[in-house]
Number of protein chains: 2
Amino acid sequence: METLYDNPEFFQKYSQMYRSQQGLAGAGEWSALQPLLPDFTGKRVLDLGCGYGWHCGYAAANGATQVLGVDNSQKMLQVAQEKNPAPQIQYRCASIQELQFPHESFDMVFSSLAIHYLPDYPGLVKQVKDWLVPGGDFVFSVEHPIFTAQGPQDWVYGPEGEILYFPVDNYFYQGQREAVFLGERMTKYHRTLTTYLDTLLQNGFRLRRVVEPQPPASMMDLPGMKDEMRRPMMLLVAAVKE
Amino acid sequence: METLYDNPEFFQKYSQMYRSQQGLAGAGEWSALQPLLPDFTGKRVLDLGCGYGWHCGYAAANGATQVLGVDNSQKMLQVAQEKNPAPQIQYRCASIQELQFPHESFDMVFSSLAIHYLPDYPGLVKQVKDWLVPGGDFVFSVEHPIFTAQGPQDWVYGPEGEILYFPVDNYFYQGQREAVFLGERMTKYHRTLTTYLDTLLQNGFRLRRVVEPQPPASMMDLPGMKDEMRRPMMLLVAAVKE
């Protein structure tokens, strides 16, 4: 499967992003996400859409005994091997939707900003449920339903180019959206908050935390960061298989 | 405490609303809310902001043994007494924030579209936790954080008066908002989704369901109802005290 992340031009731009260069410390949501993660000691961890492998490295450094990072971009995984190698970590180039694992083969499933690229969320929830042991953790971040609803993912601007507000539209019409990210068109999937949360609740997961990250005080002076107070961009969910 | 619902002009307009005349069947969210309600048999129920008492009547008709409907509008409670009387139901004129009950005195606490009028949500959650028996249900509807974020609660319109989209702004700046409802200014409180849900999770509640109601097919032909597909207006939450 072709992936935009293997496109050299896009990949180059992605590599210049603050979060790509700084790792976890450069990700605005990390300070909100870190407290949602379970103790990794002795855990078998699956990272869906691992990218540069920052979270795989974090899991390994914090006691995980086996970490499998999956991404559909070979280029991303090459960087992951360089930046986040560890004997416990294995990287695999594969499409998330095609993954198959034995029943109860992981203690934790993690995913950072990848699930909104997948067309079938209820299908994923059922798979993760099958792959996790009882009591296992499913922690993920996605783009917020408010951010994905309309499609273009951009503010509405006034005559002077100033931000007026963020537009929401077609909220209950779930499905494909064409957004622009780093100058490239990409397909994402809009889902309601109901779909993200209630699907978990109705499929044997218990919600442990639901958090919309705000910019940390330490990053408030980065360009555009104050505007992030004006609408939610991400949703963090920590769930447990019952 | 003065309440807008006791203002004769506002009260008159409120009484003309489809949902005021039709009761539960006239409320767009009822078909989504009803499945979230627990079995009422033998339950002691508290309804915070009971208005015309439709939900009190429903609880009584479905087996609740004691129902206390609280509202701060004497006029609303007069109508409740007429429209939804039952020997098990007691109506009390009081401000929700001033209520005091013995520890574990209710099996269920319910609230329909009232909590966004209260300034202190975490305080309410702690109170409800205290009033409920272990295993007791807390089910409520509120205006959706997307709907309350900016303040005016109105669409952005194009040159022909057509709806363009719904504006979101100041999402992470929680607190007071001045909205217009039935031509009258009223104060509401905007809270993030994180505040609504994570406060429950961090205060000994388990989430059972989280639902954003869509207009039911049977009401899609009512004026403006199709536009309700374009942004979420309400959030329904069913939680259980652990």
# chains A, B, ... in the order shown; residues from 1 in each chain; ligands from 1
>>> interface_residues(of="chain A", to="chain B", cutoff="6 Å", atoms="only C-alpha atoms", output="PDB file with N, CA and C atoms, in the first residue's frame")
ATOM      1  N   TYR A 165     -12.494  32.100  14.103  1.00  0.00           N
ATOM      2  CA  TYR A 165     -12.982  30.947  14.861  1.00  0.00           C
ATOM      3  C   TYR A 165     -12.699  29.706  14.050  1.00  0.00           C
ATOM      4  N   PHE A 166     -13.025  28.534  14.603  1.00  0.00           N
ATOM      5  CA  PHE A 166     -12.813  27.277  13.889  1.00  0.00           C
ATOM      6  C   PHE A 166     -14.178  26.749  13.442  1.00  0.00           C
ATOM      7  N   PRO A 167     -14.302  26.371  12.170  1.00  0.00           N
ATOM      8  CA  PRO A 167     -15.615  25.945  11.664  1.00  0.00           C
ATOM      9  C   PRO A 167     -15.898  24.467  11.898  1.00  0.00           C
ATOM     10  N   VAL A 168     -17.086  24.168  12.374  1.00  0.00           N
ATOM     11  CA  VAL A 168     -17.560  22.782  12.512  1.00  0.00           C
ATOM     12  C   VAL A 168     -18.735  22.581  11.570  1.00  0.00           C
ATOM     13  N   ASP A 169     -18.706  21.481  10.838  1.00  0.00           N
ATOM     14  CA  ASP A 169     -19.814  21.181   9.938  1.00  0.00           C
ATOM     15  C   ASP A 169     -19.858  19.671   9.696  1.00  0.00           C
ATOM     16  N   ASN A 170     -21.017  19.192   9.272  1.00  0.00           N
ATOM     17  CA  ASN A 170     -21.182  17.772   8.894  1.00  0.00           C
ATOM     18  C   ASN A 170     -20.761  16.806   9.988  1.00  0.00           C
ATOM     19  N   TYR A 171     -20.922  17.222  11.228  1.00  0.00           N
ATOM     20  CA  TYR A 171     -20.424  16.433  12.352  1.00  0.00           C
ATOM     21  C   TYR A 171     -20.940  14.995  12.370  1.00  0.00           C
ATOM     22  N   PHE A 172     -22.242  14.840  12.130  1.00  0.00           N
ATOM     23  CA  PHE A 172     -22.810  13.483  12.230  1.00  0.00           C
ATOM     24  C   PHE A 172     -22.694  12.676  10.933  1.00  0.00           C
ATOM     25  N   THR A 194     -19.000  10.138  20.104  1.00  0.00           N
ATOM     26  CA  THR A 194     -19.799   8.957  20.439  1.00  0.00           C
ATOM     27  C   THR A 194     -19.148   7.706  19.878  1.00  0.00           C
ATOM     28  N   ASP A 198     -18.118   5.531  22.849  1.00  0.00           N
ATOM     29  CA  ASP A 198     -19.197   4.579  23.128  1.00  0.00           C
ATOM     30  C   ASP A 198     -18.910   3.211  22.506  1.00  0.00           C
ATOM     31  N   ARG A 209      -9.384   7.146  31.339  1.00  0.00           N
ATOM     32  CA  ARG A 209      -9.207   8.599  31.223  1.00  0.00           C
ATOM     33  C   ARG A 209      -9.650   9.063  29.825  1.00  0.00           C
ATOM     34  N   VAL A 210     -10.174  10.273  29.769  1.00  0.00           N
ATOM     35  CA  VAL A 210     -10.495  10.948  28.508  1.00  0.00           C
ATOM     36  C   VAL A 210      -9.979  12.368  28.646  1.00  0.00           C
ATOM     37  N   VAL A 211      -9.024  12.733  27.810  1.00  0.00           N
ATOM     38  CA  VAL A 211      -8.372  14.044  27.968  1.00  0.00           C
ATOM     39  C   VAL A 211      -8.169  14.731  26.622  1.00  0.00           C
ATOM     40  N   GLU A 212      -8.544  15.986  26.579  1.00  0.00           N
ATOM     41  CA  GLU A 212      -8.200  16.837  25.435  1.00  0.00           C
ATOM     42  C   GLU A 212      -6.994  17.670  25.841  1.00  0.00           C
ATOM     43  N   MET A 229      -5.541  27.087  22.189  1.00  0.00           N
ATOM     44  CA  MET A 229      -6.505  27.204  23.290  1.00  0.00           C
ATOM     45  C   MET A 229      -7.921  27.429  22.757  1.00  0.00           C
ATOM     46  N   ARG A 230      -8.029  27.746  21.459  1.00  0.00           N
ATOM     47  CA  ARG A 230      -9.318  28.164  20.907  1.00  0.00           C
ATOM     48  C   ARG A 230     -10.199  27.026  20.409  1.00  0.00           C
ATOM     49  N   ARG A 231      -9.554  25.885  20.102  1.00  0.00           N
ATOM     50  CA  ARG A 231     -10.353  24.695  19.747  1.00  0.00           C
ATOM     51  C   ARG A 231      -9.520  23.464  20.083  1.00  0.00           C
TER      52      ARG A 231
END
>>> calpha_fit_and_write(fixed="chain A", moving="chain B", output="PDB file with C-alpha atoms, in the first residue's frame")
ATOM      1  CA  MET B   1       0.004  -0.035  -0.005  1.00  0.00           C
ATOM      2  CA  GLU B   2       1.335   3.391  -1.076  1.00  0.00           C
ATOM      3  CA  THR B   3       1.704   5.788   1.827  1.00  0.00           C
ATOM      4  CA  LEU B   4       2.220   9.519   1.776  1.00  0.00           C
ATOM      5  CA  TYR B   5       4.898   9.113   4.438  1.00  0.00           C
ATOM      6  CA  ASP B   6       7.049   7.321   1.858  1.00  0.00           C
ATOM      7  CA  ASN B   7       6.795  10.268  -0.544  1.00  0.00           C
ATOM      8  CA  PRO B   8      10.287  11.868  -0.348  1.00  0.00           C
ATOM      9  CA  GLU B   9       9.027  15.452  -0.409  1.00  0.00           C
ATOM     10  CA  PHE B  10       6.434  14.892   2.308  1.00  0.00           C
ATOM     11  CA  PHE B  11       8.893  12.864   4.340  1.00  0.00           C
ATOM     12  CA  GLN B  12      11.406  15.701   4.162  1.00  0.00           C
ATOM     13  CA  LYS B  13       8.836  18.217   5.431  1.00  0.00           C
ATOM     14  CA  TYR B  14       7.680  15.856   8.165  1.00  0.00           C
ATOM     15  CA  SER B  15      11.251  15.426   9.339  1.00  0.00           C
ATOM     16  CA  GLN B  16      11.526  19.202   9.830  1.00  0.00           C
ATOM     17  CA  MET B  17       8.584  19.409  12.235  1.00  0.00           C
ATOM     18  CA  TYR B  18       9.391  20.367  15.802  1.00  0.00           C
ATOM     19  CA  ARG B  19       7.920  17.113  17.069  1.00  0.00           C
ATOM     20  CA  SER B  20       9.898  15.049  14.567  1.00  0.00           C
ATOM     21  CA  GLN B  21      13.165  16.627  15.630  1.00  0.00           C
ATOM     22  CA  GLN B  22      12.536  16.827  19.362  1.00  0.00           C
ATOM     23  CA  GLY B  23      10.791  13.505  19.894  1.00  0.00           C
ATOM     24  CA  LEU B  24       8.357  13.188  22.783  1.00  0.00           C
ATOM     25  CA  ALA B  25       9.540  16.424  24.369  1.00  0.00           C
ATOM     26  CA  GLY B  26       8.565  18.256  21.177  1.00  0.00           C
ATOM     27  CA  ALA B  27       5.021  16.892  21.042  1.00  0.00           C
ATOM     28  CA  GLY B  28       2.546  19.345  22.560  1.00  0.00           C
ATOM     29  CA  GLU B  29       0.367  16.536  23.884  1.00  0.00           C
ATOM     30  CA  TRP B  30       3.123  14.516  25.559  1.00  0.00           C
ATOM     31  CA  SER B  31       2.709  16.129  28.978  1.00  0.00           C
ATOM     32  CA  ALA B  32      -0.990  15.149  28.887  1.00  0.00           C
ATOM     33  CA  LEU B  33      -0.384  11.710  27.356  1.00  0.00           C
ATOM     34  CA  GLN B  34       2.423  10.530  29.616  1.00  0.00           C
ATOM     35  CA  PRO B  35       0.266  10.372  32.786  1.00  0.00           C
ATOM     36  CA  LEU B  36      -2.255   8.208  30.895  1.00  0.00           C
ATOM     37  CA  LEU B  37       0.298   5.485  30.186  1.00  0.00           C
ATOM     38  CA  PRO B  38       0.393   2.414  32.413  1.00  0.00           C
ATOM     39  CA  ASP B  39       3.445   0.988  34.109  1.00  0.00           C
ATOM     40  CA  PHE B  40       5.341  -0.771  31.292  1.00  0.00           C
ATOM     41  CA  THR B  41       7.308  -3.149  33.498  1.00  0.00           C
ATOM     42  CA  GLY B  42       7.287  -6.647  32.021  1.00  0.00           C
ATOM     43  CA  LYS B  43       4.704  -5.692  29.386  1.00  0.00           C
ATOM     44  CA  ARG B  44       4.329  -6.826  25.779  1.00  0.00           C
ATOM     45  CA  VAL B  45       3.462  -3.679  23.855  1.00  0.00           C
ATOM     46  CA  LEU B  46       2.042  -3.105  20.378  1.00  0.00           C
ATOM     47  CA  ASP B  47       2.384   0.383  18.865  1.00  0.00           C
ATOM     48  CA  LEU B  48       0.030   0.970  15.914  1.00  0.00           C
ATOM     49  CA  GLY B  49       1.454   3.584  13.550  1.00  0.00           C
ATOM     50  CA  CYS B  50       4.728   3.944  15.412  1.00  0.00           C
ATOM     51  CA  GLY B  51       6.361   6.463  13.049  1.00  0.00           C
ATOM     52  CA  TYR B  52       9.819   7.380  14.301  1.00  0.00           C
ATOM     53  CA  GLY B  53       9.402   4.962  17.193  1.00  0.00           C
ATOM     54  CA  TRP B  54       9.513   7.514  20.028  1.00  0.00           C
ATOM     55  CA  HIS B  55       6.834   5.731  22.021  1.00  0.00           C
ATOM     56  CA  CYS B  56       8.394   2.313  21.379  1.00  0.00           C
ATOM     57  CA  GLY B  57      11.638   3.678  22.760  1.00  0.00           C
ATOM     58  CA  TYR B  58       9.826   5.074  25.778  1.00  0.00           C
ATOM     59  CA  ALA B  59       8.086   1.761  26.481  1.00  0.00           C
ATOM     60  CA  ALA B  60      11.392  -0.141  26.190  1.00  0.00           C
ATOM     61  CA  ALA B  61      13.203   2.349  28.414  1.00  0.00           C
ATOM     62  CA  ASN B  62      10.453   1.958  31.014  1.00  0.00           C
ATOM     63  CA  GLY B  63      10.532  -1.780  31.387  1.00  0.00           C
ATOM     64  CA  ALA B  64       8.553  -3.253  28.499  1.00  0.00           C
ATOM     65  CA  THR B  65       9.986  -6.655  27.637  1.00  0.00           C
ATOM     66  CA  GLN B  66       8.682  -6.829  24.058  1.00  0.00           C
ATOM     67  CA  VAL B  67       7.687  -3.909  21.865  1.00  0.00           C
ATOM     68  CA  LEU B  68       6.326  -4.280  18.345  1.00  0.00           C
ATOM     69  CA  GLY B  69       6.159  -1.034  16.382  1.00  0.00           C
ATOM     70  CA  VAL B  70       4.048  -1.216  13.237  1.00  0.00           C
ATOM     71  CA  ASP B  71       3.991   1.386  10.492  1.00  0.00           C
ATOM     72  CA  ASN B  72       3.183   1.271   6.804  1.00  0.00           C
ATOM     73  CA  SER B  73       6.036   3.598   5.861  1.00  0.00           C
ATOM     74  CA  GLN B  74       9.407   1.985   5.292  1.00  0.00           C
ATOM     75  CA  LYS B  75      11.075   5.398   5.478  1.00  0.00           C
ATOM     76  CA  MET B  76       9.573   6.098   8.893  1.00  0.00           C
ATOM     77  CA  LEU B  77      10.768   2.735  10.154  1.00  0.00           C
ATOM     78  CA  GLN B  78      14.310   3.385   8.911  1.00  0.00           C
ATOM     79  CA  VAL B  79      14.406   6.479  11.083  1.00  0.00           C
ATOM     80  CA  ALA B  80      12.846   4.533  13.963  1.00  0.00           C
ATOM     81  CA  GLN B  81      15.640   1.969  13.732  1.00  0.00           C
ATOM     82  CA  GLU B  82      18.224   4.748  13.962  1.00  0.00           C
ATOM     83  CA  LYS B  83      16.615   6.982  16.547  1.00  0.00           C
ATOM     84  CA  ASN B  84      14.885   4.428  18.768  1.00  0.00           C
ATOM     85  CA  PRO B  85      16.674   1.099  18.655  1.00  0.00           C
ATOM     86  CA  ALA B  86      16.544  -1.296  21.584  1.00  0.00           C
ATOM     87  CA  PRO B  87      16.906  -5.057  21.774  1.00  0.00           C
ATOM     88  CA  GLN B  88      13.300  -5.395  22.997  1.00  0.00           C
ATOM     89  CA  ILE B  89      11.898  -3.426  20.027  1.00  0.00           C
ATOM     90  CA  GLN B  90      10.955  -4.987  16.721  1.00  0.00           C
ATOM     91  CA  TYR B  91       9.713  -2.788  13.873  1.00  0.00           C
ATOM     92  CA  ARG B  92       7.397  -4.174  11.214  1.00  0.00           C
ATOM     93  CA  CYS B  93       6.296  -2.555   7.961  1.00  0.00           C
ATOM     94  CA  ALA B  94       2.612  -3.388   7.591  1.00  0.00           C
ATOM     95  CA  SER B  95      -0.799  -1.859   7.216  1.00  0.00           C
ATOM     96  CA  ILE B  96      -2.620  -1.776  10.568  1.00  0.00           C
ATOM     97  CA  GLN B  97      -5.771  -3.164   9.003  1.00  0.00           C
ATOM     98  CA  GLU B  98      -3.995  -6.307   7.843  1.00  0.00           C
ATOM     99  CA  LEU B  99      -2.437  -7.205  11.174  1.00  0.00           C
ATOM    100  CA  GLN B 100      -3.236 -10.553  12.731  1.00  0.00           C
ATOM    101  CA  PHE B 101      -2.075 -11.745  16.132  1.00  0.00           C
ATOM    102  CA  PRO B 102      -2.967 -14.643  18.400  1.00  0.00           C
ATOM    103  CA  HIS B 103      -5.653 -14.081  21.039  1.00  0.00           C
ATOM    104  CA  GLU B 104      -4.322 -12.191  24.102  1.00  0.00           C
ATOM    105  CA  SER B 105      -0.812 -11.656  22.792  1.00  0.00           C
ATOM    106  CA  PHE B 106      -0.287  -8.125  24.181  1.00  0.00           C
ATOM    107  CA  ASP B 107      -0.529  -6.418  27.560  1.00  0.00           C
ATOM    108  CA  MET B 108      -0.846  -3.008  26.011  1.00  0.00           C
ATOM    109  CA  VAL B 109      -1.848  -1.547  22.673  1.00  0.00           C
ATOM    110  CA  PHE B 110      -0.839   2.019  21.961  1.00  0.00           C
ATOM    111  CA  SER B 111      -1.440   4.332  19.036  1.00  0.00           C
ATOM    112  CA  SER B 112      -0.429   7.946  18.498  1.00  0.00           C
ATOM    113  CA  LEU B 113      -2.312   9.956  15.866  1.00  0.00           C
ATOM    114  CA  ALA B 114      -2.826   7.037  13.489  1.00  0.00           C
ATOM    115  CA  ILE B 115      -6.354   5.780  14.055  1.00  0.00           C
ATOM    116  CA  HIS B 116      -7.976   8.656  12.155  1.00  0.00           C
ATOM    117  CA  TYR B 117      -6.294   7.252   9.027  1.00  0.00           C
ATOM    118  CA  LEU B 118      -8.130   3.931   9.406  1.00  0.00           C
ATOM    119  CA  PRO B 119     -11.515   3.466   7.725  1.00  0.00           C
ATOM    120  CA  ASP B 120     -12.864   0.885  10.187  1.00  0.00           C
ATOM    121  CA  TYR B 121     -12.738   1.931  13.838  1.00  0.00           C
ATOM    122  CA  PRO B 122     -15.226  -0.568  15.297  1.00  0.00           C
ATOM    123  CA  GLY B 123     -13.296  -3.320  13.520  1.00  0.00           C
ATOM    124  CA  LEU B 124     -10.070  -2.098  15.112  1.00  0.00           C
ATOM    125  CA  VAL B 125     -11.650  -1.980  18.576  1.00  0.00           C
ATOM    126  CA  LYS B 126     -12.751  -5.599  18.229  1.00  0.00           C
ATOM    127  CA  GLN B 127      -9.280  -6.634  17.084  1.00  0.00           C
ATOM    128  CA  VAL B 128      -7.518  -4.814  19.912  1.00  0.00           C
ATOM    129  CA  LYS B 129      -9.930  -6.408  22.364  1.00  0.00           C
ATOM    130  CA  ASP B 130      -8.941  -9.805  21.006  1.00  0.00           C
ATOM    131  CA  TRP B 131      -5.198  -9.093  21.070  1.00  0.00           C
ATOM    132  CA  LEU B 132      -5.164  -7.770  24.646  1.00  0.00           C
ATOM    133  CA  VAL B 133      -5.094  -9.839  27.803  1.00  0.00           C
ATOM    134  CA  PRO B 134      -7.916  -9.122  30.262  1.00  0.00           C
ATOM    135  CA  GLY B 135      -6.922  -6.006  32.186  1.00  0.00           C
ATOM    136  CA  GLY B 136      -4.743  -4.928  29.269  1.00  0.00           C
ATOM    137  CA  ASP B 137      -4.477  -1.268  28.328  1.00  0.00           C
ATOM    138  CA  PHE B 138      -5.506   0.456  25.128  1.00  0.00           C
ATOM    139  CA  VAL B 139      -4.218   4.028  25.050  1.00  0.00           C
ATOM    140  CA  PHE B 140      -4.452   6.209  21.975  1.00  0.00           C
ATOM    141  CA  SER B 141      -4.510   9.725  20.629  1.00  0.00           C
ATOM    142  CA  VAL B 142      -6.532  10.823  17.626  1.00  0.00           C
ATOM    143  CA  GLU B 143      -7.412  14.079  16.000  1.00  0.00           C
ATOM    144  CA  HIS B 144     -10.422  15.491  17.834  1.00  0.00           C
ATOM    145  CA  PRO B 145     -13.858  15.042  16.223  1.00  0.00           C
ATOM    146  CA  ILE B 146     -14.225  18.831  16.216  1.00  0.00           C
ATOM    147  CA  PHE B 147     -11.011  19.135  14.278  1.00  0.00           C
ATOM    148  CA  THR B 148     -11.935  16.505  11.691  1.00  0.00           C
ATOM    149  CA  ALA B 149     -15.663  17.257  11.189  1.00  0.00           C
ATOM    150  CA  GLN B 150     -15.662  19.803   8.387  1.00  0.00           C
ATOM    151  CA  GLY B 151     -12.678  18.495   6.448  1.00  0.00           C
ATOM    152  CA  PRO B 152     -10.130  21.217   5.604  1.00  0.00           C
ATOM    153  CA  GLN B 153      -8.952  21.513   9.238  1.00  0.00           C
ATOM    154  CA  ASP B 154      -8.317  25.222   8.947  1.00  0.00           C
ATOM    155  CA  TRP B 155      -9.541  28.309  10.809  1.00  0.00           C
ATOM    156  CA  VAL B 156     -11.878  30.878   9.344  1.00  0.00           C
ATOM    157  CA  TYR B 157      -9.923  34.093   8.844  1.00  0.00           C
ATOM    158  CA  GLY B 158     -11.009  37.743   8.881  1.00  0.00           C
ATOM    159  CA  PRO B 159     -10.112  40.471   6.355  1.00  0.00           C
ATOM    160  CA  GLU B 160      -6.722  41.110   7.967  1.00  0.00           C
ATOM    161  CA  GLY B 161      -5.845  37.443   7.977  1.00  0.00           C
ATOM    162  CA  GLU B 162      -6.669  37.163  11.663  1.00  0.00           C
ATOM    163  CA  ILE B 163      -8.279  34.007  13.047  1.00  0.00           C
ATOM    164  CA  LEU B 164     -12.010  34.434  13.675  1.00  0.00           C
ATOM    165  CA  TYR B 165     -12.994  30.947  14.852  1.00  0.00           C
ATOM    166  CA  PHE B 166     -12.816  27.281  13.890  1.00  0.00           C
ATOM    167  CA  PRO B 167     -15.612  25.935  11.669  1.00  0.00           C
ATOM    168  CA  VAL B 168     -17.554  22.791  12.514  1.00  0.00           C
ATOM    169  CA  ASP B 169     -19.810  21.177   9.934  1.00  0.00           C
ATOM    170  CA  ASN B 170     -21.178  17.775   8.901  1.00  0.00           C
ATOM    171  CA  TYR B 171     -20.416  16.440  12.361  1.00  0.00           C
ATOM    172  CA  PHE B 172     -22.801  13.490  12.223  1.00  0.00           C
ATOM    173  CA  TYR B 173     -21.839  12.573   8.669  1.00  0.00           C
ATOM    174  CA  GLN B 174     -18.948  10.317   9.522  1.00  0.00           C
ATOM    175  CA  GLY B 175     -16.412   9.068   7.021  1.00  0.00           C
ATOM    176  CA  GLN B 176     -13.734  10.199   4.652  1.00  0.00           C
ATOM    177  CA  ARG B 177     -12.335  13.747   4.683  1.00  0.00           C
ATOM    178  CA  GLU B 178      -9.655  15.290   2.483  1.00  0.00           C
ATOM    179  CA  ALA B 179      -7.312  17.419   4.562  1.00  0.00           C
ATOM    180  CA  VAL B 180      -4.052  19.159   3.768  1.00  0.00           C
ATOM    181  CA  PHE B 181      -1.045  18.385   5.970  1.00  0.00           C
ATOM    182  CA  LEU B 182       2.364  19.886   5.231  1.00  0.00           C
ATOM    183  CA  GLY B 183       1.105  20.953   1.815  1.00  0.00           C
ATOM    184  CA  GLU B 184      -0.012  17.449   0.778  1.00  0.00           C
ATOM    185  CA  ARG B 185      -3.565  16.201   0.447  1.00  0.00           C
ATOM    186  CA  MET B 186      -4.340  13.266   2.634  1.00  0.00           C
ATOM    187  CA  THR B 187      -7.390  11.195   3.465  1.00  0.00           C
ATOM    188  CA  LYS B 188      -8.545  11.033   7.058  1.00  0.00           C
ATOM    189  CA  TYR B 189     -11.688   9.653   8.649  1.00  0.00           C
ATOM    190  CA  HIS B 190     -13.994  11.785  10.718  1.00  0.00           C
ATOM    191  CA  ARG B 191     -15.783  10.096  13.599  1.00  0.00           C
ATOM    192  CA  THR B 192     -17.956  11.494  16.331  1.00  0.00           C
ATOM    193  CA  LEU B 193     -16.976  11.440  19.941  1.00  0.00           C
ATOM    194  CA  THR B 194     -19.803   8.965  20.440  1.00  0.00           C
ATOM    195  CA  THR B 195     -18.133   6.602  17.997  1.00  0.00           C
ATOM    196  CA  TYR B 196     -14.717   6.910  19.630  1.00  0.00           C
ATOM    197  CA  LEU B 197     -15.917   6.445  23.213  1.00  0.00           C
ATOM    198  CA  ASP B 198     -19.208   4.575  23.120  1.00  0.00           C
ATOM    199  CA  THR B 199     -17.782   1.917  20.777  1.00  0.00           C
ATOM    200  CA  LEU B 200     -15.207   1.129  23.467  1.00  0.00           C
ATOM    201  CA  LEU B 201     -17.848   1.081  26.220  1.00  0.00           C
ATOM    202  CA  GLN B 202     -20.063  -1.230  24.200  1.00  0.00           C
ATOM    203  CA  ASN B 203     -17.255  -3.620  23.306  1.00  0.00           C
ATOM    204  CA  GLY B 204     -15.946  -4.647  26.680  1.00  0.00           C
ATOM    205  CA  PHE B 205     -13.620  -1.752  27.437  1.00  0.00           C
ATOM    206  CA  ARG B 206     -13.732   0.422  30.485  1.00  0.00           C
ATOM    207  CA  LEU B 207     -12.682   4.054  30.132  1.00  0.00           C
ATOM    208  CA  ARG B 208      -9.891   5.051  32.478  1.00  0.00           C
ATOM    209  CA  ARG B 209      -9.218   8.596  31.212  1.00  0.00           C
ATOM    210  CA  VAL B 210     -10.505  10.940  28.506  1.00  0.00           C
ATOM    211  CA  VAL B 211      -8.375  14.043  27.974  1.00  0.00           C
ATOM    212  CA  GLU B 212      -8.212  16.840  25.439  1.00  0.00           C
ATOM    213  CA  PRO B 213      -4.642  18.120  25.724  1.00  0.00           C
ATOM    214  CA  GLN B 214      -4.020  21.834  26.068  1.00  0.00           C
ATOM    215  CA  PRO B 215      -0.712  23.377  25.057  1.00  0.00           C
ATOM    216  CA  PRO B 216       1.731  23.142  27.952  1.00  0.00           C
ATOM    217  CA  ALA B 217       2.846  26.459  29.438  1.00  0.00           C
ATOM    218  CA  SER B 218       6.424  25.716  28.327  1.00  0.00           C
ATOM    219  CA  MET B 219       5.359  25.719  24.650  1.00  0.00           C
ATOM    220  CA  MET B 220       2.942  28.658  24.727  1.00  0.00           C
ATOM    221  CA  ASP B 221       5.482  30.888  23.008  1.00  0.00           C
ATOM    222  CA  LEU B 222       5.918  28.622  19.981  1.00  0.00           C
ATOM    223  CA  PRO B 223       4.283  30.090  16.850  1.00  0.00           C
ATOM    224  CA  GLY B 224       0.525  29.476  16.771  1.00  0.00           C
ATOM    225  CA  MET B 225       0.452  27.654  20.107  1.00  0.00           C
ATOM    226  CA  LYS B 226      -1.825  30.176  21.863  1.00  0.00           C
ATOM    227  CA  ASP B 227      -4.439  29.556  19.161  1.00  0.00           C
ATOM    228  CA  GLU B 228      -4.515  25.934  20.293  1.00  0.00           C
ATOM    229  CA  MET B 229      -6.505  27.191  23.300  1.00  0.00           C
ATOM    230  CA  ARG B 230      -9.322  28.157  20.926  1.00  0.00           C
ATOM    231  CA  ARG B 231     -10.356  24.689  19.762  1.00  0.00           C
ATOM    232  CA  PRO B 232      -9.456  21.139  20.707  1.00  0.00           C
ATOM    233  CA  MET B 233      -7.215  19.389  18.219  1.00  0.00           C
ATOM    234  CA  MET B 234      -6.597  16.036  19.870  1.00  0.00           C
ATOM    235  CA  LEU B 235      -8.406  13.530  21.980  1.00  0.00           C
ATOM    236  CA  LEU B 236      -6.515  11.160  24.303  1.00  0.00           C
ATOM    237  CA  VAL B 237      -8.239   8.002  25.474  1.00  0.00           C
ATOM    238  CA  ALA B 238      -7.071   5.421  28.020  1.00  0.00           C
ATOM    239  CA  ALA B 239      -9.185   2.281  28.181  1.00  0.00           C
ATOM    240  CA  VAL B 240      -8.842  -1.118  29.824  1.00  0.00           C
ATOM    241  CA  LYS B 241     -10.087  -4.448  28.519  1.00  0.00           C
ATOM    242  CA  GLU B 242     -12.403  -5.940  31.100  1.00  0.00           C
TER     243      GLU B 242
END
>>> select_by_dssp(residues="stretch 66-227 of chain A", states="helix (DSSP H, G or I)", output="NGL selection string")
:A and (74-83 or 96-98 or 115-117 or 121-131 or 145-148 or 193-201 or 217-219 or 226-227)
>>> select_by_dssp(residues="stretch 153-200 of chain B", states="strand (DSSP E or B)", output="list of chain:residue names")
B:Val156, B:Tyr157, B:Ile163, B:Leu164, B:Tyr165, B:Phe166, B:Pro167, B:Val168, B:Gly175, B:Gln176, B:Arg177, B:Glu178, B:Ala179, B:Val180, B:Phe181, B:Glu184, B:Arg185, B:Met186, B:Thr187, B:Lys188, B:Tyr189, B:His190
